[in-house]
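Dropping data-v8.pdb in here (PDB, C-alpha atoms):
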ATOM      1  CA  MET A  14    -119.837-122.991 120.763  1.00  0.00           C
ATOM      2  CA  LEU A  15    -117.454-121.981 117.964  1.00  0.00           C
ATOM      3  CA  SER A  16    -120.086-119.695 116.419  1.00  0.00           C
ATOM      4  CA  LEU A  17    -119.889-117.562 119.582  1.00  0.00           C
ATOM      5  CA  TRP A  18    -116.286-116.744 118.667  1.00  0.00           C
ATOM      6  CA  ASP A  19    -117.065-115.263 115.232  1.00  0.00           C
ATOM      7  CA  ASN A  20    -116.223-111.723 116.359  1.00  0.00           C
ATOM      8  CA  THR A  21    -113.266-112.792 118.501  1.00  0.00           C
ATOM      9  CA  ASP A  22    -109.715-111.919 117.471  1.00  0.00           C
ATOM     10  CA  ILE A  23    -108.109-114.697 115.429  1.00  0.00           C
ATOM     11  CA  ASN A  24    -105.071-114.955 117.745  1.00  0.00           C
ATOM     12  CA  VAL A  25    -107.298-115.294 120.814  1.00  0.00           C
ATOM     13  CA  VAL A  26    -109.260-118.108 119.141  1.00  0.00           C
ATOM     14  CA  TYR A  27    -105.996-119.750 118.065  1.00  0.00           C
ATOM     15  CA  GLY A  28    -104.804-119.757 121.688  1.00  0.00           C
ATOM     16  CA  ARG A  29    -108.110-121.152 122.943  1.00  0.00           C
ATOM     17  CA  LEU A  30    -108.155-123.940 120.361  1.00  0.00           C
ATOM     18  CA  LEU A  31    -104.523-124.781 121.086  1.00  0.00           C
ATOM     19  CA  ALA A  32    -105.294-125.030 124.818  1.00  0.00           C
ATOM     20  CA  LEU A  33    -108.366-127.157 124.029  1.00  0.00           C
ATOM     21  CA  GLY A  34    -106.282-129.459 121.820  1.00  0.00           C
ATOM     22  CA  ILE A  35    -103.725-129.919 124.597  1.00  0.00           C
ATOM     23  CA  LEU A  36    -106.515-130.556 127.118  1.00  0.00           C
ATOM     24  CA  LEU A  37    -108.068-133.229 124.888  1.00  0.00           C
ATOM     25  CA  SER A  38    -104.696-134.911 124.407  1.00  0.00           C
ATOM     26  CA  ILE A  39    -104.134-135.401 128.157  1.00  0.00           C
ATOM     27  CA  PRO A  40    -106.525-138.406 128.520  1.00  0.00           C
ATOM     28  CA  VAL A  41    -104.926-140.005 125.444  1.00  0.00           C
ATOM     29  CA  VAL A  42    -101.391-139.618 126.819  1.00  0.00           C
ATOM     30  CA  VAL A  43    -102.378-140.823 130.307  1.00  0.00           C
ATOM     31  CA  SER A  44    -104.224-143.841 128.870  1.00  0.00           C
ATOM     32  CA  ALA A  45    -101.296-144.688 126.603  1.00  0.00           C
ATOM     33  CA  LEU A  46     -98.759-144.488 129.432  1.00  0.00           C
ATOM     34  CA  TYR A  47    -100.947-146.619 131.694  1.00  0.00           C
ATOM     35  CA  LEU A  48    -101.513-149.283 129.021  1.00  0.00           C
ATOM     36  CA  ILE A  49     -97.804-149.383 128.131  1.00  0.00           C
ATOM     37  CA  GLN A  50     -96.879-149.778 131.796  1.00  0.00           C
ATOM     38  CA  MET A  51     -99.630-152.375 132.218  1.00  0.00           C
ATOM     39  CA  GLY A  52     -98.366-154.437 129.318  1.00  0.00           C
ATOM     40  CA  SER A  53     -94.711-154.430 130.376  1.00  0.00           C
ATOM     41  CA  PRO A  54     -94.689-156.947 133.262  1.00  0.00           C
ATOM     42  CA  SER A  55     -95.000-160.534 132.053  1.00  0.00           C
ATOM     43  CA  VAL A  56     -94.836-164.113 133.269  1.00  0.00           C
ATOM     44  CA  VAL A  57     -92.990-166.808 131.292  1.00  0.00           C
ATOM     45  CA  LEU A  58     -94.590-170.262 131.452  1.00  0.00           C
ATOM     46  CA  PRO A  59     -92.757-173.232 129.925  1.00  0.00           C
ATOM     47  CA  LEU A  60     -95.167-175.673 128.260  1.00  0.00           C
ATOM     48  CA  LEU A  61     -93.136-178.862 128.592  1.00  0.00           C
ATOM     49  CA  ASN A  62     -96.069-181.151 127.855  1.00  0.00           C
ATOM     50  CA  LEU A  63     -96.146-180.021 124.206  1.00  0.00           C
ATOM     51  CA  VAL A  64     -94.028-181.468 121.425  1.00  0.00           C
ATOM     52  CA  PRO A  65     -91.831-179.575 120.831  1.00  0.00           C
ATOM     53  CA  PRO A  66     -91.860-177.727 124.181  1.00  0.00           C
ATOM     54  CA  GLN A  67     -92.955-174.108 123.896  1.00  0.00           C
ATOM     55  CA  ILE A  68     -92.817-170.958 125.966  1.00  0.00           C
ATOM     56  CA  LEU A  69     -95.983-169.030 126.835  1.00  0.00           C
ATOM     57  CA  VAL A  70     -95.508-165.352 127.753  1.00  0.00           C
ATOM     58  CA  VAL A  71     -98.459-163.896 129.651  1.00  0.00           C
ATOM     59  CA  SER A  72     -98.827-160.147 130.263  1.00  0.00           C
ATOM     60  CA  PRO A  73    -101.867-158.098 131.310  1.00  0.00           C
ATOM     61  CA  LEU A  74    -102.567-157.131 127.682  1.00  0.00           C
ATOM     62  CA  THR A  75    -101.413-160.112 125.611  1.00  0.00           C
ATOM     63  CA  ILE A  76    -100.609-163.806 125.635  1.00  0.00           C
ATOM     64  CA  SER A  77     -97.761-164.693 123.282  1.00  0.00           C
ATOM     65  CA  ASN A  78     -96.835-168.172 122.123  1.00  0.00           C
ATOM     66  CA  GLY A  79     -93.971-167.973 119.682  1.00  0.00           C
ATOM     67  CA  PRO A  80     -94.950-165.846 116.681  1.00  0.00           C
ATOM     68  CA  SER A  81     -98.647-165.733 117.601  1.00  0.00           C
ATOM     69  CA  THR A  82    -100.104-163.162 119.980  1.00  0.00           C
ATOM     70  CA  VAL A  83    -103.543-163.302 121.548  1.00  0.00           C
ATOM     71  CA  PRO A  84    -104.950-160.078 123.043  1.00  0.00           C
ATOM     72  CA  VAL A  85    -106.227-160.083 126.602  1.00  0.00           C
ATOM     73  CA  VAL A  86    -108.886-157.396 126.301  1.00  0.00           C
ATOM     74  CA  SER A  87    -110.446-156.383 129.596  1.00  0.00           C
ATOM     75  CA  SER A  88    -113.341-153.991 130.093  1.00  0.00           C
ATOM     76  CA  PHE A  89    -110.907-151.462 131.554  1.00  0.00           C
ATOM     77  CA  THR A  90    -108.690-151.672 128.471  1.00  0.00           C
ATOM     78  CA  LEU A  91    -111.724-151.103 126.271  1.00  0.00           C
ATOM     79  CA  LEU A  92    -112.820-148.151 128.419  1.00  0.00           C
ATOM     80  CA  LEU A  93    -109.412-146.456 128.187  1.00  0.00           C
ATOM     81  CA  THR A  94    -109.343-147.094 124.440  1.00  0.00           C
ATOM     82  CA  LEU A  95    -112.847-145.707 123.976  1.00  0.00           C
ATOM     83  CA  VAL A  96    -112.066-142.565 125.972  1.00  0.00           C
ATOM     84  CA  SER A  97    -108.861-142.062 123.976  1.00  0.00           C
ATOM     85  CA  LEU A  98    -110.577-142.481 120.598  1.00  0.00           C
ATOM     86  CA  ILE A  99    -113.346-140.065 121.600  1.00  0.00           C
ATOM     87  CA  CYS A 100    -110.716-137.496 122.620  1.00  0.00           C
ATOM     88  CA  VAL A 101    -108.860-137.960 119.320  1.00  0.00           C
ATOM     89  CA  ALA A 102    -112.127-137.485 117.384  1.00  0.00           C
ATOM     90  CA  LEU A 103    -113.054-134.368 119.396  1.00  0.00           C
ATOM     91  CA  ASP A 104    -109.548-133.010 118.940  1.00  0.00           C
ATOM     92  CA  PHE A 105    -109.972-133.280 115.161  1.00  0.00           C
ATOM     93  CA  ILE A 106    -113.546-131.954 115.018  1.00  0.00           C
ATOM     94  CA  ILE A 107    -113.160-129.061 117.459  1.00  0.00           C
ATOM     95  CA  ALA A 108    -109.509-128.100 117.573  1.00  0.00           C
ATOM     96  CA  GLY A 109    -107.339-129.710 114.901  1.00  0.00           C
ATOM     97  CA  TRP A 110    -109.333-128.745 111.802  1.00  0.00           C
ATOM     98  CA  TYR A 111    -109.725-125.065 112.654  1.00  0.00           C
ATOM     99  CA  LEU A 112    -106.240-124.780 114.134  1.00  0.00           C
ATOM    100  CA  SER A 113    -104.750-125.843 110.809  1.00  0.00           C
ATOM    101  CA  LEU A 114    -106.881-123.388 108.842  1.00  0.00           C
ATOM    102  CA  ILE A 115    -106.220-120.490 111.226  1.00  0.00           C
ATOM    103  CA  ARG A 116    -102.494-121.191 110.963  1.00  0.00           C
ATOM    104  CA  PHE A 117    -102.702-120.623 107.182  1.00  0.00           C
ATOM    105  CA  VAL A 118    -104.141-117.097 107.456  1.00  0.00           C
ATOM    106  CA  ARG A 119    -103.141-116.016 110.946  1.00  0.00           C
ATOM    107  CA  TYR A 120    -100.914-113.198 109.660  1.00  0.00           C
ATOM    108  CA  THR A 121    -102.816-112.500 106.429  1.00  0.00           C
ATOM    109  CA  PRO A 122    -104.416-109.020 106.123  1.00  0.00           C
ATOM    110  CA  GLY A 123    -108.216-109.217 106.140  1.00  0.00           C
ATOM    111  CA  TYR A 124    -108.366-112.189 108.501  1.00  0.00           C
ATOM    112  CA  ASN A 125    -108.823-110.453 111.814  1.00  0.00           C
ATOM    113  CA  THR A 126    -111.538-112.517 113.501  1.00  0.00           C
ATOM    114  CA  PHE A 127    -112.575-116.141 113.636  1.00  0.00           C
ATOM    115  CA  GLY A 128    -115.611-115.251 111.530  1.00  0.00           C
ATOM    116  CA  ASP A 129    -113.252-114.058 108.772  1.00  0.00           C
ATOM    117  CA  VAL A 130    -111.594-117.479 108.737  1.00  0.00           C
ATOM    118  CA  LYS A 131    -114.961-119.242 108.437  1.00  0.00           C
ATOM    119  CA  ARG A 132    -115.968-116.907 105.588  1.00  0.00           C
ATOM    120  CA  GLY A 133    -112.655-117.646 103.891  1.00  0.00           C
ATOM    121  CA  ILE A 134    -113.364-121.382 104.086  1.00  0.00           C
ATOM    122  CA  ASN A 135    -116.860-120.769 102.666  1.00  0.00           C
ATOM    123  CA  SER A 136    -115.252-118.862  99.807  1.00  0.00           C
ATOM    124  CA  LEU A 137    -113.264-121.979  98.925  1.00  0.00           C
ATOM    125  CA  LEU A 138    -116.441-124.070  99.043  1.00  0.00           C
ATOM    126  CA  LYS A 139    -118.051-121.634  96.587  1.00  0.00           C
ATOM    127  CA  GLY A 140    -114.890-121.173  94.548  1.00  0.00           C
ATOM    128  CA  THR A 141    -113.408-122.956  91.572  1.00  0.00           C
ATOM    129  CA  LYS A 142    -113.343-126.688  91.055  1.00  0.00           C
ATOM    130  CA  LYS A 143    -109.660-126.665  92.022  1.00  0.00           C
ATOM    131  CA  ASP A 144    -110.483-124.852  95.283  1.00  0.00           C
ATOM    132  CA  LYS A 145    -113.051-127.488  96.219  1.00  0.00           C
ATOM    133  CA  GLU A 146    -110.719-130.344  95.266  1.00  0.00           C
ATOM    134  CA  MET A 147    -107.847-128.987  97.347  1.00  0.00           C
ATOM    135  CA  LEU A 148    -110.105-128.320 100.332  1.00  0.00           C
ATOM    136  CA  THR A 149    -111.392-131.905 100.062  1.00  0.00           C
ATOM    137  CA  LEU A 150    -107.815-133.186  99.777  1.00  0.00           C
ATOM    138  CA  PHE A 151    -106.807-131.183 102.832  1.00  0.00           C
ATOM    139  CA  ALA A 152    -109.755-132.632 104.781  1.00  0.00           C
ATOM    140  CA  ALA A 153    -108.780-136.159 103.678  1.00  0.00           C
ATOM    141  CA  MET A 154    -105.169-135.518 104.682  1.00  0.00           C
ATOM    142  CA  THR A 155    -106.180-134.275 108.137  1.00  0.00           C
ATOM    143  CA  ILE A 156    -108.559-137.201 108.700  1.00  0.00           C
ATOM    144  CA  SER A 157    -105.843-139.640 107.572  1.00  0.00           C
ATOM    145  CA  PHE A 158    -103.392-138.262 110.111  1.00  0.00           C
ATOM    146  CA  TYR A 159    -105.834-138.572 113.019  1.00  0.00           C
ATOM    147  CA  LEU A 160    -107.020-141.990 111.817  1.00  0.00           C
ATOM    148  CA  SER A 161    -103.454-143.321 111.650  1.00  0.00           C
ATOM    149  CA  PHE A 162    -102.904-142.198 115.233  1.00  0.00           C
ATOM    150  CA  ALA A 163    -106.147-143.873 116.351  1.00  0.00           C
ATOM    151  CA  LEU A 164    -105.199-147.136 114.600  1.00  0.00           C
ATOM    152  CA  PHE A 165    -101.719-147.050 116.126  1.00  0.00           C
ATOM    153  CA  PHE A 166    -103.254-146.646 119.587  1.00  0.00           C
ATOM    154  CA  VAL A 167    -105.679-149.546 119.113  1.00  0.00           C
ATOM    155  CA  ILE A 168    -103.132-151.928 117.569  1.00  0.00           C
ATOM    156  CA  PHE A 169     -99.862-151.194 119.351  1.00  0.00           C
ATOM    157  CA  VAL A 170    -100.782-149.470 122.625  1.00  0.00           C
ATOM    158  CA  ALA A 171    -104.077-151.048 123.702  1.00  0.00           C
ATOM    159  CA  LYS A 172    -103.102-154.214 121.747  1.00  0.00           C
ATOM    160  CA  ILE A 173    -106.707-155.012 120.908  1.00  0.00           C
ATOM    161  CA  PHE A 174    -105.571-156.278 117.484  1.00  0.00           C
ATOM    162  CA  PRO A 175    -101.859-156.981 118.065  1.00  0.00           C
ATOM    163  CA  ASN A 176    -101.064-157.956 114.487  1.00  0.00           C
ATOM    164  CA  TYR A 177     -98.030-156.311 112.912  1.00  0.00           C
ATOM    165  CA  LEU A 178     -99.541-156.852 109.457  1.00  0.00           C
ATOM    166  CA  LEU A 179    -101.999-154.115 110.432  1.00  0.00           C
ATOM    167  CA  LEU A 180     -99.063-151.710 110.528  1.00  0.00           C
ATOM    168  CA  SER A 181     -99.374-151.250 106.738  1.00  0.00           C
ATOM    169  CA  PRO A 182    -102.575-149.116 106.819  1.00  0.00           C
ATOM    170  CA  VAL A 183    -101.017-146.925 109.523  1.00  0.00           C
ATOM    171  CA  VAL A 184     -97.910-146.390 107.374  1.00  0.00           C
ATOM    172  CA  LEU A 185     -99.990-145.748 104.229  1.00  0.00           C
ATOM    173  CA  LEU A 186    -102.171-143.181 106.003  1.00  0.00           C
ATOM    174  CA  LEU A 187     -99.087-141.402 107.383  1.00  0.00           C
ATOM    175  CA  LEU A 188     -97.440-141.423 103.942  1.00  0.00           C
ATOM    176  CA  PHE A 189    -100.571-139.960 102.384  1.00  0.00           C
ATOM    177  CA  SER A 190    -100.695-137.228 105.039  1.00  0.00           C
ATOM    178  CA  GLY A 191     -97.011-136.431 104.657  1.00  0.00           C
ATOM    179  CA  LEU A 192     -97.048-136.297 100.857  1.00  0.00           C
ATOM    180  CA  THR A 193    -100.183-134.161 100.557  1.00  0.00           C
ATOM    181  CA  TYR A 194     -99.558-131.682 103.390  1.00  0.00           C
ATOM    182  CA  ARG A 195     -97.147-129.315 101.638  1.00  0.00           C
ATOM    183  CA  PRO A 196     -99.036-128.958  98.322  1.00  0.00           C
ATOM    184  CA  CYS A 197    -102.341-128.512 100.207  1.00  0.00           C
ATOM    185  CA  LYS A 198    -100.810-125.967 102.570  1.00  0.00           C
ATOM    186  CA  LYS A 199     -99.248-123.937  99.756  1.00  0.00           C
ATOM    187  CA  TYR A 200    -102.388-123.929  97.613  1.00  0.00           C
ATOM    188  CA  MET A 201    -104.784-123.061 100.431  1.00  0.00           C
ATOM    189  CA  GLU A 202    -102.578-120.272 101.774  1.00  0.00           C
ATOM    190  CA  ASN A 203    -102.480-118.691  98.304  1.00  0.00           C
ATOM    191  CA  ALA A 204    -106.182-119.285  97.658  1.00  0.00           C
ATOM    192  CA  LEU A 205    -107.322-117.812 100.966  1.00  0.00           C
ATOM    193  CA  GLN A 206    -105.155-114.738 100.403  1.00  0.00           C
ATOM    194  CA  HIS A 207    -107.036-114.034  97.149  1.00  0.00           C
ATOM    195  CA  TYR A 208    -110.473-114.009  98.808  1.00  0.00           C
ATOM    196  CA  SER A 209    -111.853-111.133 100.838  1.00  0.00           C
ATOM    197  CA  PRO A 210    -113.655-112.515 103.934  1.00  0.00           C
ATOM    198  CA  GLN A 211    -115.644-109.281 104.279  1.00  0.00           C
ATOM    199  CA  GLU A 212    -117.150-109.637 100.805  1.00  0.00           C
ATOM    200  CA  TYR A 213    -118.320-113.191 101.469  1.00  0.00           C
ATOM    201  CA  GLY A 214    -119.819-112.131 104.800  1.00  0.00           C
ATOM    202  CA  LYS A 215    -122.267-109.781 103.129  1.00  0.00           C
TER     203      LYS A 215
END
Reformat the file's structure so that it appears as structure tokens.
Amino acid sequence: MLSLWDNTDINVVYGRLLALGILLSIPVVVSALYLIQMGSPSVVLPLLNLVPPQILVVSPLTISNGPSTVPVVSSFTLLLTLVSLICVALDFIIAGWYLSLIRFVRYTPGYNTFGDVKRGINSLLKGTKKDKEMLTLFAAMTISFYLSFALFFVIFVAKIFPNYLLLSPVVLLLLFSGLTYRPCKKYMENALQHYSPQEYGK
């Protein structure tokens, strides 16, 4: 589908991808709100027959007994989670990746169409070792951001693995994304400005 936009103005493609990204985020937001609302009501059951007596808190998504939490994973919860993860993956593959790259060169002379942007990316793939490394780092940074969001959804929204120790990979992925974004952005903006998309299209 994206190859059909090669001769389309870069700002038009940017608007389409932005609209597509928003459209793909709607099922994720709706699923998250539903699961949060579903997990809020709870029933407190005193277990007086245990020594010492304990309190069991039962909600639609989890059963908590003191510090331990056991997920109550229904088929509907899994379905909402699956739909959300698919939308997050599609958002990255279709919209997020190209949106980020278009944003770098949107107002750069020589990048007039979506095809120019794709040729600019190809120029980095054929460029210096540093170009390839920074493009790989940018890809890893983007994947890390989307992966941290997906993990957060699974652990803290759908509560399929409600273990707060699993928060550490989410934090590490977000830290990696945050620390690498600015140097990647600066390098790729400068690198793409030095390549002529028209030359690489020949």
Worksheet item: Care to translate the PyMOL selection byres ((chain A and resi 70) around 6) into actual residues of this file, as a PyMOL selection string?
Response: chain A and resi 56-57+69+71+76-77
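The space separating atom CA of A:Phe117 from atom CA of A:Ala204 comes to 10.2 Å.
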Discussion item. My list of candidates is A:Leu74, A:Leu31, A:Ile107, A:Ala163. Which is closest to A:Leu15 when distances are computed with all atoms listed in the file?
Written reply: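 Among the listed residues, A:Ile107 lies closest to A:Leu15.
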Item to complete: Given the file shown, enumerate the residues that the PyMOL selection byres ((chain A and resi 198-201) around 9) captures and present them as a PyMOL selection string.
Response: chain A and resi 114+117+137+144+147-148+151+193-197+202-206
Worksheet item: So what do you get for atom CA of A:Gly191 versus atom CA of A:Leu30, distance-wise?
Response: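 So the two atoms, atom CA of A:Gly191 and atom CA of A:Leu30, lie 23.0 Å apart.
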Worksheet item: Between A:Pro84, A:Gly28, A:Pro59, A:Pro122, which one has atoms that come closest to A:Val170, using only C-alpha atoms?
Response: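 Counting only C-alpha atoms, the residue closest to A:Val170 is A:Pro84.
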Practice prompt. Using only C-alpha atoms, collect all residues at a distance of at most 10 Å from (-112.2, -142.0, 119.0) as written in the file, then present them as a ChimeraX atom specification.
Written response: /A:41,94-105,159-160,163-164,167
Fill in: Hits of the PyMOL selection byres ((chain A and resi 128) around 8) in this structure, as a PyMOL selection string
chain A and resi 16+18-21+126-127+129-132
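Minimum distance to A:Phe174 across A:Leu93, A:Ile49, A:Val85, A:Leu58 (counting all atoms listed in the file) occurs at A:Val85.
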Practice prompt. In Å, rounded to a single decimal, give me how far atom CA of A:Phe158 is from atom CA of A:Gly34.
Written response: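 Atom-to-atom, atom CA of A:Gly34 to atom CA of A:Phe158, that is 14.9 Å.
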Give me the box for stretch 141-157 of chain A as JSON, namely the centre and edge lengths in Å to one decimal of a box along x, y and z that holds every listed atom plus 6 Å on each side.
{"center_x": -109.3, "center_y": -131.3, "center_z": 99.9, "size_x": 20.2, "size_y": 28.7, "size_z": 29.6}
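Distance check against A:Met51 using all atoms listed in the file: of A:Thr141, A:Thr155, A:Ser161, A:Ser87, the minimum falls on A:Ser87.
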Worksheet entry | All residues 12 Å or closer to A:Gln50, all atoms listed in the file, same chain fewer than 6 positions away omitted, as a PyMOL selection string | chain A and resi 43-44+72-74+170-171
